[in-house]
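Asker: File start.txt below, compact mmCIF, C-alpha atoms and all ligand atoms:
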# COMPACT_ATOMS: atom_id res chain seq x y z
CA MET A 14 8.09 -19.15 -12.96
CA LYS A 15 6.83 -16.42 -10.68
CA LYS A 16 4.03 -14.34 -12.19
CA GLU A 17 4.40 -10.60 -12.65
CA ILE A 18 4.10 -8.54 -9.50
CA ARG A 19 1.38 -5.91 -9.52
CA LEU A 20 2.42 -2.39 -8.63
CA GLY A 21 0.15 0.04 -6.84
CA VAL A 22 1.53 3.56 -6.91
CA ASN A 23 0.56 5.54 -3.83
CA ILE A 24 -0.08 9.14 -4.87
CA ASP A 25 -0.62 10.63 -1.38
CA HIS A 26 2.42 12.85 -1.74
CA VAL A 27 1.32 14.22 -5.08
CA ALA A 28 -1.62 15.50 -3.05
CA THR A 29 0.81 16.78 -0.40
CA LEU A 30 2.49 18.93 -3.06
CA ARG A 31 -0.81 20.10 -4.47
CA ASN A 32 -2.09 21.05 -1.02
CA ALA A 33 1.01 23.14 -0.36
CA ARG A 34 -0.54 25.83 -2.57
CA ASN A 35 -4.18 24.87 -2.07
CA GLU A 36 -4.70 24.86 -5.84
CA ASP A 37 -5.08 22.03 -8.34
CA PHE A 38 -1.49 21.50 -9.46
CA PRO A 39 -0.22 18.85 -9.74
CA ASN A 40 -3.60 17.45 -10.73
CA LEU A 41 -4.11 13.92 -9.41
CA LEU A 42 -6.10 12.68 -12.37
CA GLU A 43 -3.34 13.70 -14.76
CA VAL A 44 -0.95 11.64 -12.67
CA VAL A 45 -3.34 8.66 -12.74
CA LYS A 46 -3.54 8.95 -16.55
CA LEU A 47 0.25 8.99 -16.85
CA LEU A 48 0.53 5.92 -14.61
CA GLU A 49 -2.10 4.08 -16.63
CA LYS A 50 -0.20 4.82 -19.83
CA ILE A 51 2.89 3.08 -18.49
CA ASN A 52 0.94 0.04 -17.24
CA VAL A 53 0.86 0.59 -13.51
CA ASP A 54 -1.73 -1.78 -12.04
CA LEU A 55 -3.39 0.22 -9.27
CA ILE A 56 -3.71 3.66 -7.75
CA THR A 57 -3.32 3.65 -4.01
CA VAL A 58 -4.47 6.47 -1.76
CA HIS A 59 -4.64 6.77 2.00
CA LEU A 60 -7.61 8.84 3.15
CA ARG A 61 -6.39 9.85 6.59
CA GLU A 62 -8.66 10.97 9.35
CA ASP A 63 -7.08 14.47 9.26
CA ARG A 64 -7.20 14.62 5.39
CA ARG A 65 -3.63 15.91 5.38
CA HIS A 66 -3.06 14.85 1.77
CA ILE A 67 -5.83 12.91 0.02
CA LYS A 68 -9.28 14.52 0.32
CA ASP A 69 -12.69 12.86 0.06
CA VAL A 70 -13.25 14.43 -3.36
CA ASP A 71 -9.97 12.89 -4.64
CA VAL A 72 -11.22 9.41 -3.77
CA GLU A 73 -14.51 10.11 -5.55
CA VAL A 74 -12.89 11.56 -8.67
CA ILE A 75 -10.35 8.73 -9.02
CA LYS A 76 -13.07 6.13 -8.62
CA GLU A 77 -15.57 7.85 -10.94
CA ASN A 78 -13.02 8.30 -13.72
CA ASN A 79 -12.16 4.62 -13.49
CA ILE A 80 -8.79 4.96 -15.22
CA LEU A 81 -7.06 2.49 -12.93
CA PRO A 82 -8.42 0.28 -10.15
CA LEU A 83 -8.46 2.14 -6.84
CA ASN A 84 -6.87 0.73 -3.70
CA LEU A 85 -8.16 2.70 -0.70
CA GLU A 86 -6.07 2.65 2.47
CA MET A 87 -8.00 3.64 5.57
CA ALA A 88 -8.32 3.22 9.30
CA ALA A 89 -10.91 0.84 10.74
CA THR A 90 -13.38 3.56 11.74
CA GLN A 91 -17.10 3.76 11.04
CA GLU A 92 -16.58 6.99 9.05
CA MET A 93 -14.07 5.28 6.74
CA LYS A 94 -16.20 2.18 6.39
CA ASN A 95 -19.12 4.34 5.20
CA ILE A 96 -16.88 6.06 2.64
CA CYS A 97 -15.54 2.70 1.48
CA LEU A 98 -18.99 1.17 1.06
CA LYS A 99 -20.20 4.25 -0.81
CA THR A 100 -17.13 4.48 -3.07
CA LYS A 101 -16.72 0.75 -3.67
CA PRO A 102 -13.00 0.80 -4.54
CA TYR A 103 -11.47 -2.22 -6.23
CA SER A 104 -9.60 -2.96 -3.01
CA CYS A 105 -9.27 -1.63 0.49
CA CYS A 106 -6.39 -1.96 2.91
CA ILE A 107 -7.06 -1.44 6.61
CA VAL A 108 -4.18 0.34 8.31
CA PRO A 109 -3.61 1.50 11.87
CA GLU A 110 -3.65 5.26 12.21
CA ARG A 111 -2.42 7.64 14.84
CA ARG A 112 -3.09 11.32 14.33
CA GLU A 113 0.42 12.49 15.26
CA GLU A 114 2.37 9.98 13.16
CA LEU A 115 4.16 11.09 9.99
CA THR A 116 3.36 7.83 8.20
CA THR A 117 1.88 4.43 9.05
CA GLU A 118 4.45 3.39 11.60
CA GLY A 119 3.57 -0.23 12.19
CA GLY A 120 1.10 -2.93 11.28
CA LEU A 121 -2.37 -3.45 12.60
CA ASN A 122 -2.67 -5.38 15.84
CA VAL A 123 -5.20 -7.85 14.46
CA LYS A 124 -4.64 -10.26 17.32
CA ASP A 125 -5.70 -7.80 20.00
CA GLN A 126 -8.45 -6.21 17.92
CA LYS A 127 -9.97 -9.44 16.68
CA VAL A 128 -13.37 -8.85 18.25
CA TYR A 129 -13.63 -5.33 16.81
CA LEU A 130 -12.33 -6.36 13.39
CA SER A 131 -14.54 -9.44 13.17
CA ASP A 132 -17.44 -7.02 13.37
CA PHE A 133 -15.82 -4.47 11.01
CA VAL A 134 -14.71 -6.56 8.02
CA PRO A 135 -17.78 -8.61 6.94
CA GLU A 136 -19.69 -5.69 5.37
CA ILE A 137 -16.66 -4.74 3.27
CA LEU A 138 -16.09 -8.34 2.23
CA SER A 139 -19.72 -8.87 1.31
CA ALA A 140 -19.70 -5.67 -0.77
CA GLY A 141 -17.25 -7.53 -3.03
CA ILE A 142 -14.31 -5.26 -2.17
CA LYS A 143 -10.96 -7.02 -2.00
CA LEU A 144 -9.94 -6.43 1.58
CA SER A 145 -6.45 -6.60 3.01
CA LEU A 146 -5.05 -5.96 6.47
CA PHE A 147 -1.71 -4.16 6.83
CA VAL A 148 0.31 -6.22 9.30
CA ASP A 149 3.88 -6.55 10.49
CA PRO A 150 5.69 -9.71 9.34
CA ASP A 151 4.48 -11.48 12.46
CA LEU A 152 3.09 -15.00 12.12
CA ASP A 153 0.47 -14.56 14.88
CA GLN A 154 -0.90 -11.47 13.17
CA ILE A 155 -1.20 -13.30 9.87
CA GLU A 156 -2.96 -16.27 11.49
CA SER A 157 -5.35 -13.82 13.15
CA ALA A 158 -6.04 -12.05 9.84
CA ALA A 159 -6.77 -15.37 8.12
CA SER A 160 -9.11 -16.40 10.93
CA LEU A 161 -11.25 -13.33 10.18
CA GLY A 162 -11.92 -14.61 6.66
CA VAL A 163 -9.67 -12.00 5.07
CA LYS A 164 -8.04 -13.30 1.88
CA VAL A 165 -5.18 -10.80 1.62
CA VAL A 166 -2.61 -9.29 3.94
CA GLU A 167 -0.14 -6.54 3.15
CA ILE A 168 3.15 -6.98 4.99
CA HIS A 169 4.61 -3.79 6.47
CA THR A 170 8.17 -3.61 5.11
CA GLY A 171 9.09 -0.43 7.00
CA LYS A 172 11.41 -2.04 9.52
CA TYR A 173 13.13 -4.09 6.80
CA SER A 174 13.59 -0.94 4.72
CA ARG A 175 15.16 0.96 7.60
CA CYS A 176 17.51 -1.98 8.36
CA PHE A 177 18.54 -2.51 4.75
CA GLY A 178 22.32 -2.89 4.52
CA LYS A 179 22.61 -2.84 8.32
CA LYS A 180 22.92 -5.36 11.11
CA ASP A 181 19.30 -6.62 11.18
CA HIS A 182 18.79 -6.67 7.43
CA LEU A 183 18.82 -10.44 6.96
CA ASN A 184 16.70 -11.06 10.07
CA GLU A 185 14.06 -8.68 8.80
CA LEU A 186 14.16 -10.18 5.33
CA LYS A 187 13.70 -13.65 6.83
CA ARG A 188 10.69 -12.46 8.85
CA ILE A 189 9.04 -11.24 5.62
CA GLN A 190 9.92 -14.47 3.78
CA ASP A 191 8.43 -16.54 6.62
CA ALA A 192 5.33 -14.34 6.70
CA ALA A 193 4.83 -14.76 2.95
CA PHE A 194 5.31 -18.52 3.26
CA LEU A 195 2.66 -18.68 5.96
CA CYS A 196 0.26 -16.74 3.71
CA LYS A 197 0.76 -19.35 1.04
CA LYS A 198 0.09 -22.15 3.54
CA LEU A 199 -3.08 -20.43 4.71
CA GLY A 200 -4.24 -19.81 1.14
CA ILE A 201 -4.19 -16.01 1.36
CA ASP A 202 -2.54 -13.49 -0.95
CA CYS A 203 0.49 -11.59 0.23
CA HIS A 204 1.15 -7.95 -0.65
CA ALA A 205 3.95 -5.80 0.72
CA GLY A 206 4.82 -2.16 1.10
CA HIS A 207 6.37 0.73 3.00
CA GLY A 208 9.76 2.32 2.55
CA LEU A 209 10.53 0.39 -0.63
CA ASN A 210 13.00 1.87 -3.11
CA PHE A 211 15.26 0.87 -6.03
CA GLU A 212 17.76 -0.79 -3.72
CA ASN A 213 15.68 -2.69 -1.23
CA VAL A 214 12.76 -3.81 -3.39
CA LYS A 215 14.55 -6.50 -5.41
CA GLU A 216 14.76 -9.12 -2.68
CA ILE A 217 11.17 -8.43 -1.60
CA SER A 218 9.97 -8.88 -5.17
CA GLU A 219 11.84 -12.21 -5.33
CA ILE A 220 9.76 -13.70 -2.51
CA GLU A 221 7.58 -16.23 -4.26
CA ASN A 222 4.24 -15.46 -2.68
CA VAL A 223 4.46 -11.66 -2.82
CA ILE A 224 2.17 -10.66 -5.68
CA GLU A 225 1.59 -6.94 -5.15
CA LEU A 226 3.63 -3.99 -3.92
CA ASN A 227 2.32 -0.60 -2.87
CA VAL A 228 4.91 2.13 -3.11
CA GLY A 229 4.62 5.86 -2.67
CA HIS A 230 7.11 8.17 -1.02
CA PHE A 231 10.21 6.98 -2.86
CA LEU A 232 8.62 7.01 -6.31
CA ILE A 233 7.14 10.48 -5.94
CA SER A 234 10.34 11.86 -4.38
CA HIS A 235 12.65 10.29 -6.94
CA SER A 236 10.54 11.83 -9.69
CA ILE A 237 12.11 15.16 -8.76
CA PHE A 238 15.38 13.84 -10.19
CA ASN A 239 14.22 11.61 -13.02
CA GLY A 240 10.56 12.26 -13.75
CA LEU A 241 7.63 10.10 -12.67
CA GLU A 242 7.37 8.11 -15.87
CA GLN A 243 11.02 7.03 -15.96
CA THR A 244 11.17 6.44 -12.21
CA VAL A 245 8.15 4.15 -12.22
CA LYS A 246 9.27 2.34 -15.38
CA ASN A 247 12.66 1.64 -13.80
CA PHE A 248 10.98 0.41 -10.64
CA MET A 249 8.72 -1.94 -12.61
CA LYS A 250 11.74 -3.40 -14.38
CA ILE A 251 13.37 -4.17 -11.06
CA ILE A 252 10.35 -5.84 -9.52
CA ASN A 253 9.78 -7.97 -12.54
CA HIS A 254 13.42 -8.99 -12.72
CA ALA A 255 14.43 -7.36 -15.97
CA SER A 256 17.69 -5.49 -16.11
CA ILE A 257 17.52 -1.71 -16.46
N1 LIG B 301 1.24 0.35 2.04
C1 LIG B 301 0.54 0.91 3.06
C2 LIG B 301 -0.57 0.11 3.65
C3 LIG B 301 0.82 2.21 3.52
O1 LIG B 301 0.11 2.74 4.53
C4 LIG B 301 1.85 2.94 2.88
C5 LIG B 301 2.15 4.35 3.32
O2 LIG B 301 1.07 5.15 3.09
C6 LIG B 301 2.53 2.33 1.82
C7 LIG B 301 2.22 1.03 1.43
C8 LIG B 301 3.58 3.05 1.02
O3 LIG B 301 4.66 3.41 1.81
P1 LIG B 301 5.77 4.38 1.18
O4 LIG B 301 5.12 5.69 0.93
O5 LIG B 301 6.83 4.40 2.22
O6 LIG B 301 6.22 3.73 -0.11
Would you put the structure from the file into structure tokens?
Ligand code: PXP
Answerer:
Amino acid sequence: MKKEIRLGVNIDHVATLRNARNEDFPNLLEVVKLLEKINVDLITVHLREDRRHIKDVDVEVIKENNILPLNLEMAATQEMKNICLKTKPYSCCIVPERREELTTEGGLNVKDQKVYLSDFVPEILSAGIKLSLFVDPDLDQIESAASLGVKVVEIHTGKYSRCFGKKDHLNELKRIQDAAFLCKKLGIDCHAGHGLNFENVKEISEIENVIELNVGHFLISHSIFNGLEQTVKNFMKIINHASI
């Protein structure tokens, strides 16, 4: 039987709301406490270069309070590496980042950046931080990630999410299934995330080797209608195959 899937809740857009008024409501730590109470596994934040939502102090406060393990998403820059090594989050996910994008639009091109990344990742790995690379469901990218000594990849499910219920849905699902199978063959863990919601997450959670999901925008947005606690509880029931 497949073991329970871990859920990392990405709280970037709680910070987006807070920043709209430049005050401290909604308070991120209160949200972390609520998520801990309902057995969420991780808190995920993306510290972007332009600090448009999560700020440096948020990363520090979440780590220092140690309520839930922190998963830090960041670009592969020297500035971010320094912050990561100083903060020592439980895990770190390297993502590609373009200043003008609204969200992380695609996976990291590990294949083409192998030389740069082979220099970038060892310090994070030897600091004992669980490191993952955010990649498209592309077998070459996963092989490249594994060849760097990385033990985890997070599969970008954005394209699948956009195609859900449309023409390319099954093709995209198959790409993720094949990617997860390759991870298993290579002995690396497979996480997934981006664009996941109540409808499209079930078949991703059923993929045998997918052991962690990181989900943000939908959960925070849906909370407007049904509250954060109930929204996340319902999501956790779906990913762990209980009926709601
Ligand atoms: N995983 C990674 C690596 C991401 O960059 C993001 C977006 O910040 C997510 C998961 C969550 O995506 P969404 O907000 O669409 O659920």
Asker: May I have the residues within 9 Å of region 70-80 of chain A as a VMD selection string, using only C-alpha atoms and disregarding those fewer than 2 positions away in the same chain?
Answerer: chain A and resid 28 41 to 42 45 to 46 49 56 58 60 67 to 68 82 to 83 85 100 to 103
Asker: I need the residue nearest Lys164 (chain A) from this list: A:Asp202, A:Glu225, A:Asp181, A:Glu118. Use only C-alpha atoms for the distance.
Answerer: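 Of A:Asp202, A:Glu225, A:Asp181, A:Glu118, the one nearest Lys164 (chain A) is A:Asp202, counting only C-alpha atoms.
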Asker: Counting all atoms listed in the file, what are the residues, protein, DNA or RNA alike, that approach ligand LIG 301 (chain B) to within 10 Å? I want them as a count of residues only.
Answerer: 56
Asker: CA of Ile142 (chain A) to CA of Gly162 (chain A): how many Å, to one decimal?
Answerer: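 Atom-to-atom, CA of Ile142 (chain A) to CA of Gly162 (chain A), that is 13.1 Å.
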Asker: Which of these, A:Leu138, A:Cys203, A:Met93, A:Leu81, has the shortest distance to Ile220 (chain A) once you count all atoms listed in the file?
Answerer: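 Ranked by minimum distance to Ile220 (chain A), first place goes to A:Cys203.
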Asker: Just give me the gap between CA of Phe194 (chain A) and CA of Asn222 (chain A) in Å, one decimal is fine.
Answerer: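 Those two atoms sit 6.8 Å apart.
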Asker: Just how far from CA of Leu130 (chain A) is CA of Ile155 (chain A), in Å to one decimal?
Answerer: 13.6 Å
Asker: Just the residues within 7 Å of region 188-192 of chain A, please, counting only C-alpha atoms, with nothing from its chain fewer than 4 positions along; format it as a count of residues only.
Answerer: 6
Asker: Using only C-alpha atoms, which residue out of A:Lys99, A:Lys250, A:Lys124, A:His182 lies closest to Asn213 (chain A)?
Answerer: A:His182
Asker: Between A:Glu17, A:Ser157, A:Leu199, A:Cys176, which residue has the minimum interatomic distance to Asn122 (chain A), considering all atoms listed in the file?
Answerer: A:Ser157
Asker: Looking at all atoms listed in the file, which of A:Gly240, A:Glu113, A:Cys97, A:Phe248 is the one that sits closest to Arg65 (chain A)?
Answerer: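 Looking only at the distances to Arg65 (chain A), the closest residue turns out to be A:Glu113.
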Asker: Excluding same-chain residues fewer than 4 positions from Ile51 (chain A), what lies within 10 Å of it counting only C-alpha atoms, as a list in words?
Answerer: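 Once the nearby chain positions are removed, what remains is Lys46, Leu47, Glu242, Gln243, Val245, Lys246 and Met249 of chain A.
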Asker: For region 215-226 of chain A, which lacks atoms in the input, supply all heavy atoms and format the output as an mmCIF file, keeping the file's coordinate frame.
Answerer:
data_model
loop_
_atom_site.group_PDB
_atom_site.id
_atom_site.type_symbol
_atom_site.label_atom_id
_atom_site.label_comp_id
_atom_site.auth_asym_id
_atom_site.auth_seq_id
_atom_site.Cartn_x
_atom_site.Cartn_y
_atom_site.Cartn_z
ATOM 1 N N LYS A 215 14.283 -5.308 -4.590
ATOM 2 C CA LYS A 215 14.550 -6.500 -5.410
ATOM 3 C C LYS A 215 14.301 -7.780 -4.607
ATOM 4 O O LYS A 215 13.578 -8.677 -5.035
ATOM 5 C CB LYS A 215 15.982 -6.444 -5.940
ATOM 6 C CG LYS A 215 16.278 -7.544 -6.924
ATOM 7 C CD LYS A 215 17.536 -7.254 -7.713
ATOM 8 C CE LYS A 215 17.793 -8.316 -8.762
ATOM 9 N NZ LYS A 215 18.079 -9.620 -8.200
ATOM 10 N N GLU A 216 14.896 -7.851 -3.412
ATOM 11 C CA GLU A 216 14.760 -9.120 -2.680
ATOM 12 C C GLU A 216 13.338 -9.324 -2.140
ATOM 13 O O GLU A 216 12.935 -10.462 -1.926
ATOM 14 C CB GLU A 216 15.835 -9.268 -1.601
ATOM 15 C CG GLU A 216 15.939 -8.153 -0.643
ATOM 16 C CD GLU A 216 17.223 -8.220 0.184
ATOM 17 O OE1 GLU A 216 18.234 -8.788 -0.267
ATOM 18 O OE2 GLU A 216 17.198 -7.690 1.308
ATOM 19 N N ILE A 217 12.586 -8.254 -1.997
ATOM 20 C CA ILE A 217 11.170 -8.430 -1.600
ATOM 21 C C ILE A 217 10.387 -8.980 -2.804
ATOM 22 O O ILE A 217 9.575 -9.885 -2.674
ATOM 23 C CB ILE A 217 10.546 -7.087 -1.126
ATOM 24 C CG1 ILE A 217 11.288 -6.563 0.106
ATOM 25 C CG2 ILE A 217 9.051 -7.235 -0.849
ATOM 26 C CD1 ILE A 217 11.254 -7.453 1.328
ATOM 27 N N SER A 218 10.700 -8.442 -3.976
ATOM 28 C CA SER A 218 9.970 -8.880 -5.170
ATOM 29 C C SER A 218 10.320 -10.330 -5.539
ATOM 30 O O SER A 218 9.582 -10.987 -6.259
ATOM 31 C CB SER A 218 10.258 -7.951 -6.350
ATOM 32 O OG SER A 218 11.607 -8.048 -6.736
ATOM 33 N N GLU A 219 11.445 -10.821 -5.025
ATOM 34 C CA GLU A 219 11.840 -12.210 -5.330
ATOM 35 C C GLU A 219 11.151 -13.235 -4.424
ATOM 36 O O GLU A 219 11.262 -14.433 -4.647
ATOM 37 C CB GLU A 219 13.360 -12.345 -5.203
ATOM 38 C CG GLU A 219 14.059 -11.751 -6.415
ATOM 39 C CD GLU A 219 15.566 -11.594 -6.249
ATOM 40 O OE1 GLU A 219 16.077 -11.805 -5.131
ATOM 41 O OE2 GLU A 219 16.216 -11.236 -7.248
ATOM 42 N N ILE A 220 10.464 -12.761 -3.404
ATOM 43 C CA ILE A 220 9.760 -13.700 -2.510
ATOM 44 C C ILE A 220 8.568 -14.269 -3.281
ATOM 45 O O ILE A 220 7.725 -13.511 -3.788
ATOM 46 C CB ILE A 220 9.308 -12.997 -1.209
ATOM 47 C CG1 ILE A 220 10.533 -12.450 -0.463
ATOM 48 C CG2 ILE A 220 8.517 -13.955 -0.336
ATOM 49 C CD1 ILE A 220 10.202 -11.586 0.747
ATOM 50 N N GLU A 221 8.510 -15.573 -3.348
ATOM 51 C CA GLU A 221 7.580 -16.230 -4.260
ATOM 52 C C GLU A 221 6.129 -15.796 -4.108
ATOM 53 O O GLU A 221 5.434 -15.542 -5.068
ATOM 54 C CB GLU A 221 7.708 -17.749 -4.070
ATOM 55 C CG GLU A 221 7.088 -18.516 -5.216
ATOM 56 C CD GLU A 221 6.849 -19.953 -4.852
ATOM 57 O OE1 GLU A 221 7.658 -20.498 -4.060
ATOM 58 O OE2 GLU A 221 5.860 -20.529 -5.341
ATOM 59 N N ASN A 222 5.668 -15.704 -2.890
ATOM 60 C CA ASN A 222 4.240 -15.460 -2.680
ATOM 61 C C ASN A 222 3.847 -13.979 -2.668
ATOM 62 O O ASN A 222 2.669 -13.666 -2.554
ATOM 63 C CB ASN A 222 3.810 -16.138 -1.376
ATOM 64 C CG ASN A 222 2.316 -16.316 -1.280
ATOM 65 O OD1 ASN A 222 1.656 -16.579 -2.275
ATOM 66 N ND2 ASN A 222 1.775 -16.130 -0.095
ATOM 67 N N VAL A 223 4.805 -13.094 -2.802
ATOM 68 C CA VAL A 223 4.460 -11.660 -2.820
ATOM 69 C C VAL A 223 3.992 -11.297 -4.228
ATOM 70 O O VAL A 223 4.747 -11.393 -5.189
ATOM 71 C CB VAL A 223 5.672 -10.783 -2.411
ATOM 72 C CG1 VAL A 223 5.363 -9.293 -2.612
ATOM 73 C CG2 VAL A 223 6.052 -11.043 -0.955
ATOM 74 N N ILE A 224 2.722 -10.885 -4.331
ATOM 75 C CA ILE A 224 2.170 -10.660 -5.680
ATOM 76 C C ILE A 224 1.808 -9.210 -5.949
ATOM 77 O O ILE A 224 1.412 -8.867 -7.052
ATOM 78 C CB ILE A 224 0.947 -11.565 -5.939
ATOM 79 C CG1 ILE A 224 -0.134 -11.305 -4.890
ATOM 80 C CG2 ILE A 224 1.338 -13.030 -5.994
ATOM 81 C CD1 ILE A 224 -1.480 -11.880 -5.295
ATOM 82 N N GLU A 225 1.896 -8.364 -4.923
ATOM 83 C CA GLU A 225 1.590 -6.940 -5.150
ATOM 84 C C GLU A 225 2.416 -6.079 -4.208
ATOM 85 O O GLU A 225 2.616 -6.437 -3.049
ATOM 86 C CB GLU A 225 0.091 -6.695 -4.889
ATOM 87 C CG GLU A 225 -0.336 -5.250 -5.128
ATOM 88 C CD GLU A 225 -1.811 -5.030 -4.840
ATOM 89 O OE1 GLU A 225 -2.664 -5.734 -5.426
ATOM 90 O OE2 GLU A 225 -2.115 -4.145 -4.011
ATOM 91 N N LEU A 226 2.891 -4.959 -4.741
ATOM 92 C CA LEU A 226 3.630 -3.990 -3.920
ATOM 93 C C LEU A 226 2.914 -2.650 -3.996
ATOM 94 O O LEU A 226 2.435 -2.257 -5.075
ATOM 95 C CB LEU A 226 5.058 -3.829 -4.437
ATOM 96 C CG LEU A 226 5.930 -5.087 -4.443
ATOM 97 C CD1 LEU A 226 7.270 -4.798 -5.126
ATOM 98 C CD2 LEU A 226 6.173 -5.600 -3.023
#
